[in-house]
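Raw my_file-v7.cif, mmCIF, C-alpha atoms and all ligand atoms:
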```cif
data_query
loop_
_atom_site.label_atom_id
_atom_site.label_comp_id
_atom_site.auth_asym_id
_atom_site.auth_seq_id
_atom_site.Cartn_x
_atom_site.Cartn_y
_atom_site.Cartn_z
CA MET X 11 -106.48 -89.87 48.22
CA GLY X 12 -104.98 -91.37 45.07
CA ASP X 13 -104.90 -95.09 44.35
CA ALA X 14 -104.96 -97.02 47.56
CA GLY X 15 -103.93 -100.47 46.30
CA SER X 16 -103.86 -103.44 48.62
CA SER X 17 -102.11 -103.18 51.92
CA SER X 18 -99.23 -105.40 50.86
CA ALA X 19 -98.76 -103.48 47.62
CA GLY X 20 -98.77 -100.34 49.77
CA ALA X 21 -96.10 -101.83 52.03
CA LYS X 22 -93.96 -102.66 49.00
CA ARG X 23 -94.38 -99.18 47.66
CA SER X 24 -93.65 -97.71 51.06
CA ALA X 25 -90.46 -99.80 51.19
CA ALA X 26 -89.63 -98.72 47.64
CA ASN X 27 -89.80 -94.98 48.12
CA GLY X 28 -89.28 -94.76 51.85
CA SER X 29 -91.55 -91.85 52.76
CA ARG X 30 -94.97 -93.01 51.49
CA LEU X 31 -97.23 -94.60 54.09
CA ASP X 32 -99.63 -97.39 53.20
CA GLU X 33 -103.34 -97.15 53.90
CA ALA X 34 -103.24 -98.95 57.23
CA GLU X 35 -100.35 -96.79 58.42
CA VAL X 36 -102.27 -93.66 57.40
CA LEU X 37 -105.41 -94.74 59.27
CA ASP X 38 -103.40 -95.62 62.32
CA ARG X 39 -101.76 -92.22 62.39
CA LEU X 40 -105.00 -90.37 61.75
CA ARG X 41 -106.31 -91.91 64.96
CA LEU X 42 -103.13 -90.99 66.86
CA VAL X 43 -103.30 -87.42 65.51
CA GLY X 44 -106.87 -87.22 66.83
CA GLU X 45 -105.69 -88.24 70.27
CA ALA X 46 -102.47 -86.25 70.45
CA PHE X 47 -103.98 -82.80 69.98
CA ARG X 48 -106.67 -81.04 71.91
CA PRO X 49 -107.66 -77.77 70.23
CA ALA X 50 -111.15 -77.63 71.71
CA ALA X 51 -110.81 -78.51 75.38
CA PRO X 52 -108.52 -77.95 78.34
CA ILE X 53 -105.79 -80.50 78.90
CA ASP X 54 -105.93 -82.77 81.93
CA ARG X 55 -103.05 -85.13 81.17
CA ARG X 56 -99.42 -84.36 81.83
CA SER X 57 -98.37 -86.13 78.63
CA LEU X 58 -100.26 -83.64 76.45
CA PHE X 59 -99.17 -80.63 78.45
CA SER X 60 -96.12 -78.50 77.58
CA GLY X 61 -94.12 -75.86 79.44
CA ARG X 62 -95.45 -73.85 82.37
CA SER X 63 -92.99 -75.47 84.76
CA GLU X 64 -92.59 -72.22 86.69
CA GLN X 65 -96.31 -71.97 87.37
CA ILE X 66 -96.53 -75.63 88.39
CA SER X 67 -93.67 -75.27 90.91
CA GLU X 68 -95.26 -72.14 92.27
CA LEU X 69 -98.58 -73.92 92.82
CA PHE X 70 -96.81 -76.82 94.54
CA SER X 71 -94.97 -74.51 96.87
CA ILE X 72 -98.16 -72.57 97.69
CA ALA X 73 -99.97 -75.82 98.48
CA ALA X 74 -97.25 -76.58 101.03
CA GLN X 75 -97.51 -73.25 102.82
CA PRO X 76 -100.25 -72.94 105.42
CA GLY X 77 -102.24 -69.74 105.06
CA GLN X 78 -101.22 -69.22 101.42
CA HIS X 79 -103.78 -69.33 98.65
CA ALA X 80 -103.49 -68.63 94.97
CA VAL X 81 -105.19 -67.05 92.06
CA ILE X 82 -104.33 -67.99 88.49
CA PHE X 83 -105.15 -65.25 86.04
CA GLY X 84 -104.49 -64.43 82.42
CA GLU X 85 -106.10 -63.76 79.05
CA ARG X 86 -108.83 -65.98 77.75
CA GLY X 87 -107.56 -69.14 76.09
CA VAL X 88 -104.04 -68.84 77.47
CA GLY X 89 -104.21 -72.15 79.34
CA LYS X 90 -105.46 -71.42 82.88
CA THR X 91 -107.86 -74.34 83.17
CA SER X 92 -105.29 -76.74 81.69
CA LEU X 93 -102.69 -75.64 84.23
CA ALA X 94 -105.15 -76.13 87.10
CA ALA X 95 -106.26 -79.53 85.82
CA VAL X 96 -102.73 -80.85 85.24
CA THR X 97 -101.45 -79.50 88.57
CA ALA X 98 -104.46 -81.05 90.31
CA GLU X 99 -103.56 -84.43 88.80
CA MET X 100 -99.98 -84.04 89.96
CA LEU X 101 -101.04 -83.06 93.48
CA LYS X 102 -103.32 -86.07 93.59
CA SER X 103 -100.39 -88.33 92.76
CA ALA X 104 -98.57 -86.63 95.64
CA ASN X 105 -101.42 -87.87 97.85
CA MET X 106 -103.19 -84.56 98.28
CA LEU X 107 -106.91 -84.34 98.26
CA VAL X 108 -108.04 -82.17 95.39
CA ALA X 109 -111.41 -80.94 94.22
CA ARG X 110 -112.18 -78.78 91.25
CA ALA X 111 -115.34 -76.83 90.58
CA THR X 112 -116.09 -75.19 87.27
CA CYS X 113 -118.34 -72.19 87.62
CA ASP X 114 -120.60 -70.50 85.14
CA VAL X 115 -122.71 -67.38 85.40
CA SER X 116 -125.53 -69.25 87.14
CA ASP X 117 -123.27 -70.24 90.06
CA ASP X 118 -123.04 -68.45 93.35
CA PHE X 119 -120.80 -68.87 96.38
CA GLY X 120 -122.89 -71.69 97.82
CA SER X 121 -123.19 -73.74 94.65
CA VAL X 122 -119.46 -73.55 93.96
CA TRP X 123 -118.64 -74.93 97.41
CA ARG X 124 -121.30 -77.61 97.09
CA LYS X 125 -119.73 -78.80 93.82
CA ALA X 126 -116.25 -78.83 95.32
CA LEU X 127 -117.25 -80.50 98.57
CA ASP X 128 -119.30 -83.12 96.72
CA GLU X 129 -116.19 -84.02 94.78
CA LEU X 130 -114.16 -84.27 97.98
CA ARG X 131 -116.80 -86.51 99.56
CA LEU X 132 -116.66 -88.76 96.52
CA HIS X 133 -112.90 -89.09 96.93
CA THR X 134 -112.96 -89.78 100.64
CA THR X 135 -115.61 -92.50 100.37
CA THR X 136 -114.58 -94.24 97.19
CA GLN X 137 -110.85 -94.06 97.55
CA LYS X 138 -108.89 -94.31 100.76
CA VAL X 139 -106.47 -91.44 100.65
CA GLY X 140 -103.07 -92.63 101.69
CA PHE X 141 -102.05 -90.17 104.35
CA THR X 142 -99.86 -91.67 107.02
CA GLY X 143 -101.84 -91.42 110.22
CA GLY X 144 -104.38 -89.42 108.27
CA THR X 145 -107.65 -88.76 110.05
CA GLU X 146 -110.74 -87.30 108.43
CA GLU X 147 -109.53 -84.03 109.89
CA THR X 148 -106.09 -84.04 108.24
CA SER X 149 -107.40 -85.19 104.90
CA HIS X 150 -109.87 -82.34 104.82
CA SER X 151 -107.25 -79.97 106.02
CA LEU X 152 -105.22 -80.84 102.95
CA ALA X 153 -108.11 -80.29 100.65
CA ARG X 154 -107.60 -77.88 97.85
CA LEU X 155 -110.34 -76.18 96.03
CA LEU X 156 -109.78 -74.98 92.56
CA GLY X 157 -112.61 -72.63 91.77
CA ASP X 158 -112.84 -71.67 88.13
CA ASP X 159 -113.98 -68.31 86.82
CA VAL X 160 -115.75 -66.67 89.70
CA LYS X 161 -117.91 -64.00 88.15
CA ASP X 162 -120.72 -63.21 90.58
CA PRO X 163 -119.66 -60.01 92.41
CA ALA X 164 -121.33 -60.92 95.73
CA GLY X 165 -119.68 -64.32 95.48
CA ARG X 166 -116.33 -62.64 95.02
CA VAL X 167 -116.63 -60.83 98.34
CA LEU X 168 -117.60 -64.09 100.04
CA PHE X 169 -114.63 -65.86 98.48
CA ALA X 170 -112.31 -63.10 99.63
CA ASP X 171 -113.76 -63.39 103.16
CA THR X 172 -113.31 -67.16 103.13
CA ILE X 173 -109.70 -66.90 102.02
CA LYS X 174 -109.01 -64.34 104.72
CA THR X 175 -110.59 -66.54 107.40
CA LEU X 176 -108.81 -69.71 106.26
CA SER X 177 -105.57 -67.81 106.16
CA ASP X 178 -105.94 -66.18 109.59
CA ARG X 179 -106.78 -69.48 111.21
CA VAL X 180 -103.96 -71.20 109.33
CA VAL X 181 -106.26 -73.96 108.13
CA ARG X 182 -104.27 -76.48 106.13
CA ALA X 183 -106.26 -76.09 102.97
CA THR X 184 -105.37 -74.16 99.86
CA ILE X 185 -107.85 -72.40 97.66
CA THR X 186 -106.87 -71.65 94.10
CA LEU X 187 -109.12 -69.36 92.14
CA ILE X 188 -108.96 -69.05 88.38
CA GLY X 189 -110.12 -66.10 86.40
CA VAL X 190 -109.44 -63.47 83.83
CA ALA X 191 -107.35 -60.50 84.95
CA ASP X 192 -110.20 -58.06 85.47
CA SER X 193 -112.09 -60.27 87.90
CA VAL X 194 -108.89 -60.84 89.89
CA SER X 195 -108.14 -57.17 90.40
CA GLU X 196 -111.75 -56.68 91.48
CA LEU X 197 -111.43 -59.53 93.96
CA VAL X 198 -108.33 -58.04 95.50
CA ARG X 199 -109.71 -54.50 95.42
CA GLU X 200 -112.82 -55.52 97.29
CA HIS X 201 -110.79 -57.04 100.07
CA ARG X 202 -107.36 -55.47 100.40
CA SER X 203 -106.26 -57.60 103.36
CA VAL X 204 -106.64 -60.75 101.30
CA GLU X 205 -103.85 -59.61 98.99
CA ARG X 206 -101.03 -60.98 101.18
CA ALA X 207 -102.68 -64.36 101.56
CA LEU X 208 -103.33 -64.67 97.86
CA ALA X 209 -100.34 -65.37 95.63
CA GLN X 210 -101.06 -64.10 92.15
CA ILE X 211 -99.94 -66.44 89.40
CA HIS X 212 -99.98 -64.67 86.09
CA MET X 213 -100.23 -66.83 83.00
CA PRO X 214 -98.50 -65.00 80.16
CA ARG X 215 -98.93 -66.09 76.58
CA MET X 216 -96.76 -69.10 75.83
CA THR X 217 -93.25 -68.67 74.45
CA ARG X 218 -92.34 -69.96 71.01
CA GLN X 219 -90.23 -72.59 72.71
CA GLU X 220 -93.27 -73.86 74.63
CA LEU X 221 -95.49 -73.73 71.56
CA SER X 222 -92.89 -75.58 69.51
CA GLU X 223 -92.84 -78.25 72.17
CA ILE X 224 -96.62 -78.70 71.87
CA ALA X 225 -96.24 -79.25 68.13
CA THR X 226 -93.25 -81.59 68.21
CA ARG X 227 -94.48 -83.65 71.15
CA GLY X 228 -97.88 -84.23 69.60
CA ILE X 229 -96.32 -85.14 66.26
CA GLU X 230 -94.02 -87.59 67.99
CA ALA X 231 -96.96 -89.16 69.81
CA ALA X 232 -98.61 -89.63 66.41
CA GLN X 233 -95.47 -91.44 65.15
CA MET X 234 -94.85 -88.74 62.57
CA GLY X 235 -92.17 -86.17 61.92
CA ILE X 236 -92.22 -82.43 61.29
CA ARG X 237 -89.74 -80.14 59.53
CA PRO X 238 -88.20 -77.38 61.70
CA ASP X 239 -89.52 -74.62 59.41
CA ALA X 240 -93.06 -76.01 59.80
CA VAL X 241 -92.72 -75.90 63.60
CA ARG X 242 -91.46 -72.31 63.40
CA ARG X 243 -94.41 -71.25 61.24
CA ILE X 244 -96.90 -72.83 63.61
CA ALA X 245 -95.29 -71.27 66.68
CA THR X 246 -95.29 -67.83 65.04
CA LEU X 247 -98.85 -68.05 63.72
CA SER X 248 -100.17 -69.11 67.13
CA GLN X 249 -99.19 -65.76 68.66
CA GLY X 250 -98.67 -67.29 72.10
CA LEU X 251 -102.08 -68.97 72.25
CA PRO X 252 -101.86 -72.77 72.57
CA HIS X 253 -105.32 -73.34 71.07
CA TYR X 254 -104.00 -72.38 67.63
CA THR X 255 -100.87 -74.51 68.04
CA GLN X 256 -103.04 -77.53 68.79
CA LEU X 257 -105.36 -76.74 65.88
CA LEU X 258 -102.72 -75.89 63.26
CA THR X 259 -100.47 -78.85 64.06
CA GLN X 260 -103.41 -81.25 63.99
CA LEU X 261 -104.64 -79.89 60.64
CA ALA X 262 -101.12 -79.86 59.17
CA ALA X 263 -100.59 -83.48 60.22
CA GLN X 264 -103.89 -84.42 58.56
CA SER X 265 -102.77 -82.65 55.40
CA ALA X 266 -99.51 -84.66 55.34
CA LEU X 267 -101.42 -87.90 55.90
CA ALA X 268 -103.83 -87.08 53.07
CA ALA X 269 -100.75 -87.21 50.82
CA ARG X 270 -99.50 -90.35 52.64
CA ARG X 271 -96.52 -88.50 53.98
CA ARG X 272 -95.09 -89.22 57.41
CA VAL X 273 -93.34 -85.85 57.69
CA VAL X 274 -95.22 -82.55 58.04
CA THR X 275 -93.86 -79.70 55.91
CA GLY X 276 -94.33 -75.94 55.66
CA ARG X 277 -96.75 -76.52 52.78
CA ASP X 278 -98.97 -78.55 55.12
CA VAL X 279 -98.99 -75.59 57.49
CA ASP X 280 -100.29 -73.37 54.65
CA VAL X 281 -103.10 -75.86 54.06
CA ALA X 282 -103.76 -75.93 57.81
CA VAL X 283 -104.06 -72.12 57.93
CA GLY X 284 -106.73 -72.22 55.22
CA ARG X 285 -108.67 -74.91 57.07
CA ALA X 286 -108.28 -73.16 60.43
CA LEU X 287 -109.77 -70.00 58.91
CA GLU X 288 -112.71 -72.00 57.52
CA ARG X 289 -113.25 -73.71 60.82
CA ALA X 290 -112.81 -70.67 63.05
CA GLN X 291 -115.39 -70.15 65.74
CA GLN X 292 -118.45 -68.37 64.41
CA SER X 293 -118.06 -65.67 67.07
CA VAL X 294 -114.54 -64.91 65.85
CA VAL X 295 -115.61 -64.71 62.20
CA GLU X 296 -118.55 -62.48 63.04
CA ALA X 297 -116.41 -60.19 65.17
CA TYR X 298 -113.99 -59.81 62.25
CA GLN X 299 -116.77 -59.00 59.80
CA GLU X 300 -118.44 -56.52 62.12
CA ALA X 301 -115.16 -54.73 62.81
CA THR X 302 -114.04 -54.40 59.20
CA ALA X 303 -117.36 -53.95 57.39
CA ASP X 304 -117.62 -50.95 55.11
CA THR X 305 -119.27 -50.13 51.82
CA ARG X 306 -116.60 -47.69 50.73
CA LYS X 307 -112.98 -48.51 50.18
CA SER X 308 -111.56 -48.20 53.66
CA ILE X 309 -108.54 -49.23 55.66
CA TYR X 310 -110.43 -50.92 58.52
CA PRO X 311 -109.16 -54.40 57.58
CA GLN X 312 -105.58 -53.16 57.28
CA VAL X 313 -105.69 -51.28 60.60
CA LEU X 314 -107.13 -54.32 62.36
CA LEU X 315 -104.40 -56.48 60.84
CA ALA X 316 -101.77 -53.98 61.98
CA CYS X 317 -103.27 -54.16 65.51
CA ALA X 318 -102.95 -57.93 65.38
CA LEU X 319 -99.28 -57.57 64.43
CA ALA X 320 -98.50 -54.79 66.92
CA PRO X 321 -96.01 -55.84 69.60
CA GLU X 322 -97.98 -56.26 72.82
CA ASP X 323 -96.97 -56.63 76.45
CA ASP X 324 -97.56 -59.67 78.68
CA PHE X 325 -101.15 -58.58 79.17
CA GLY X 326 -101.88 -58.35 75.46
CA LEU X 327 -101.89 -54.53 75.53
CA PHE X 328 -100.48 -52.28 72.81
CA ALA X 329 -100.40 -48.51 72.17
CA ALA X 330 -101.45 -46.67 69.01
CA SER X 331 -97.79 -45.97 68.26
CA ASP X 332 -97.12 -49.74 68.17
CA VAL X 333 -99.54 -49.98 65.22
CA CYS X 334 -97.59 -47.53 62.99
CA GLY X 335 -94.82 -49.96 62.02
CA PRO X 336 -97.01 -52.88 60.92
CA LEU X 337 -99.51 -50.57 59.18
CA GLY X 338 -96.69 -48.93 57.24
CA ARG X 339 -95.49 -52.34 56.09
CA ILE X 340 -99.00 -53.45 55.10
CA LEU X 341 -99.88 -50.32 53.14
CA GLY X 342 -96.40 -49.63 51.84
CA LYS X 343 -96.01 -46.08 53.17
CA PRO X 344 -95.43 -44.54 56.61
CA TYR X 345 -98.46 -43.77 58.78
CA LYS X 346 -98.73 -41.47 61.80
CA THR X 347 -101.10 -42.35 64.65
CA ALA X 348 -103.43 -39.46 63.74
CA ALA X 349 -104.25 -41.20 60.45
CA PHE X 350 -105.87 -44.17 62.17
CA ALA X 351 -106.79 -42.86 65.66
CA ARG X 352 -110.43 -42.80 64.53
CA HIS X 353 -110.28 -46.42 63.45
CA LEU X 354 -108.89 -47.55 66.79
CA ASP X 355 -111.53 -45.57 68.57
CA GLU X 356 -114.29 -47.14 66.49
CA PHE X 357 -112.91 -50.65 67.07
CA SER X 358 -113.46 -50.06 70.76
CA GLN X 359 -117.07 -48.96 70.24
CA GLU X 360 -120.23 -50.93 69.83
CA SER X 361 -120.69 -49.92 66.18
CA ARG X 362 -117.69 -52.10 65.32
CA GLY X 363 -118.45 -54.84 67.77
CA GLU X 364 -116.05 -53.59 70.46
CA VAL X 365 -113.31 -55.86 69.16
CA LEU X 366 -110.73 -53.78 71.00
CA GLN X 367 -110.90 -52.92 74.65
CA LYS X 368 -109.55 -49.50 75.59
CA HIS X 369 -107.48 -49.03 78.74
CA GLY X 370 -106.56 -45.61 80.15
CA THR X 371 -106.85 -42.23 78.47
CA GLY X 372 -104.66 -39.71 76.70
CA ARG X 373 -101.03 -40.66 76.24
CA THR X 374 -101.31 -43.80 78.35
CA THR X 375 -104.13 -45.29 76.26
CA ARG X 376 -103.58 -48.95 75.48
CA TYR X 377 -105.70 -51.39 73.52
CA ARG X 378 -106.24 -55.09 73.63
CA PHE X 379 -108.26 -57.58 71.61
CA LEU X 380 -111.34 -58.23 73.70
CA ASN X 381 -111.37 -61.80 72.43
CA PRO X 382 -107.68 -62.81 72.30
CA LEU X 383 -108.49 -65.59 69.82
CA LEU X 384 -109.45 -62.95 67.25
CA GLN X 385 -105.86 -61.71 67.07
CA PRO X 386 -104.22 -64.83 65.56
CA TYR X 387 -107.30 -65.19 63.32
CA VAL X 388 -106.73 -61.73 61.87
CA ALA X 389 -103.00 -62.43 61.48
CA MET X 390 -103.67 -65.76 59.74
CA ARG X 391 -106.09 -64.08 57.34
CA GLY X 392 -103.37 -61.59 56.51
CA VAL X 393 -100.93 -64.41 55.76
CA SER X 394 -103.46 -66.43 53.82
CA GLU X 395 -104.42 -63.42 51.68
CA GLY X 396 -100.75 -62.72 51.02
CA VAL X 397 -100.85 -59.27 52.67
CA VAL X 398 -98.15 -60.19 55.18
CA ARG X 399 -95.62 -62.98 55.47
CA VAL X 400 -95.35 -65.33 58.42
CA GLN X 401 -92.00 -63.81 59.33
CA ASP X 402 -93.68 -60.37 59.66
CA LEU X 403 -95.72 -61.73 62.57
CA GLY X 404 -92.71 -61.29 64.84
N1 LIG K 501 -99.50 -76.13 78.59
C1 LIG K 501 -100.21 -76.50 77.50
N2 LIG K 501 -99.73 -77.39 76.62
C2 LIG K 501 -100.44 -77.73 75.53
N3 LIG K 501 -101.66 -77.24 75.22
C3 LIG K 501 -102.22 -76.36 76.06
C4 LIG K 501 -101.53 -75.93 77.25
N4 LIG K 501 -102.30 -75.05 77.89
C5 LIG K 501 -103.44 -74.93 77.15
N5 LIG K 501 -103.41 -75.70 76.06
C6 LIG K 501 -104.47 -75.77 75.02
O1 LIG K 501 -104.92 -74.44 74.79
C7 LIG K 501 -106.34 -74.33 74.72
C8 LIG K 501 -106.86 -73.38 75.79
O2 LIG K 501 -106.55 -73.90 77.08
P1 LIG K 501 -107.47 -73.64 78.36
O3 LIG K 501 -108.87 -74.00 78.08
O4 LIG K 501 -106.79 -74.30 79.50
O5 LIG K 501 -107.34 -72.05 78.50
P2 LIG K 501 -108.10 -71.06 79.50
O6 LIG K 501 -107.13 -69.99 79.82
O7 LIG K 501 -108.70 -71.82 80.63
O8 LIG K 501 -109.24 -70.52 78.55
P3 LIG K 501 -110.60 -69.75 78.98
O9 LIG K 501 -110.17 -68.40 79.42
O10 LIG K 501 -111.35 -69.70 77.68
O11 LIG K 501 -111.25 -70.57 80.05
C9 LIG K 501 -106.84 -75.77 74.82
O12 LIG K 501 -107.05 -76.23 73.52
C10 LIG K 501 -105.70 -76.54 75.47
O13 LIG K 501 -105.71 -77.86 74.99
MG MG K 502 -110.68 -71.98 81.27
#
```
In structure tokens, how does this file's structure come out?
Amino acid sequence: MGDAGSSSAGAKRSAANGSRLDEAEVLDRLRLVGEAFRPAAPIDRRSLFSGRSEQISELFSIAAQPGQHAVIFGERGVGKTSLAAVTAEMLKSANMLVARATCDVSDDFGSVWRKALDELRLHTTTQKVGFTGGTEETSHSLARLLGDDVKDPAGRVLFADTIKTLSDRVVRATITLIGVADSVSELVREHRSVERALAQIHMPRMTRQELSEIATRGIEAAQMGIRPDAVRRIATLSQGLPHYTQLLTQLAAQSALAARRRVVTGRDVDVAVGRALERAQQSVVEAYQEATADTRKSIYPQVLLACALAPEDDFGLFAASDVCGPLGRILGKPYKTAAFARHLDEFSQESRGEVLQKHGTGRTTRYRFLNPLLQPYVAMRGVSEGVVRVQDLG
């Protein structure tokens, strides 16, 4: 980190050339940078949370309507749990009783309710809920249950039945389920009459504006600054997924602090991309290697990169024809879909780790990255290896 010098010498130097921070200032900001970004866990504090105001209002309005329940669904890593956690905090401050249960594969209908009801009991005994004229009855009637990731199929039917019953009897409680898109359509399919009672809140990928806000807000909280071009790069590289925005901005801020700079630049973002690739989840790295492995010279890596750059819809789906443009740019000559149809097909098979999920057949076939986090990883590799430029990421 260069010559540290004493703190007072550092202060003099920092006064002399304005932008250099002294050692104490660097350490202070390193701590703030650690607190301001959360790449590895859902957010539960409003101050760290950006955007999604539409979804929050929708949840508030659903909570106020008797007989209405909600399901939050979207791609993995898009921010469902964070939305539920932050909205729950906000509802609590509005004096509602809220309980949240996180489910895993070992949970069933009974265990999810036990978790949620235990949490409600804890609230009602340890903290007097301030309802005017509130009886035990009204406080429970205002209870909300946020069930997370209901996977067990039998449990899904039971949840659908419960929602239907609560809705028909106009019980003043709101259930909000959270899950990935496929489990939601199954839930509704299994119990058609629940559809009306269940407002579907789709979480699209985040807009660049929202992602930029994550970066600038966090940087501000860390008492640092960031150049507009650095924000743009981060927002583009994140491809709508807030995890990467959190990670890249945190790493870029650390890179600036390593050079005792207060302001994060585009160069710091380049450093951050390299680090993010090194630190990527093992599962993501392995999926990439399995998908692109070949002993001969092949275009698997290029086709996968083109898939990562293909314009996709709100559900992360793209068609083979969407891959032509990016692949042409990567390989420097035009490509027709027939030239890589086999590659796409293989990406959706076990031999290449099923990195793509295939939807529909024939002309309506669409693909999507099974693990959405793989897509920005592939794009960042492309940028880091100099195959594409950040501005090509769209
Ligand atoms: N609105 C937001 N503002 C800032 N950061 C966010 C926001 N939403 C999510 N994040 C960040 O994005 C990452 C993923 O969020 P989260 O865990 O809520 O997603 P998820 O959809 O529940 O993922 P999974 O499908 O894996 O459960 C986390 O690092 C979180 O800190
Ligand atoms: Mg989640």
Return as a ChimeraX atom specification the residues of protein, DNA or RNA that approach ligand MG 502 (chain K) to within 10 Å, with all atoms listed in the file taken into account.
/X:51-52,83-95,112-113,158-159,188-190
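Shortest separation to Ile340 of chain X among X:Val198, X:Leu319, X:Leu327, X:Leu130 occurs at residue X:Leu319, atoms counted being only C-alpha atoms.
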May I ask for the distance between atom CA of Ile53 of chain X and atom O8 of ligand LIG 501 (chain K), given in Å to one decimal place?
10.6 Å
May I have the residues within 6 Å of segment 367-369 of chain X as number ranges by chain, using only C-alpha atoms and disregarding those fewer than 5 positions away in the same chain?
X: 358, 375-378, 380
Neighbours of Lys346 of chain X within 12 Å (only C-alpha atoms; same-chain residues fewer than 2 positions away dropped), as a PyMOL selection string?
chain X and resi 330-338+343-344+348-351
Which residue gives the smallest distance to Arg339 of chain X among X:Asp402, X:Arg39, X:Arg215, X:Ala318, with only C-alpha atoms counted?
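The answer is X:Asp402, which sits nearest to Arg339 of chain X.
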Figure out the distance between atom CA of Val400 of chain X and atom CA of Ser57 of chain X, please, to one decimal in Å.
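Separation between atom CA of Ser57 of chain X and atom CA of Val400 of chain X: 29.2 Å.
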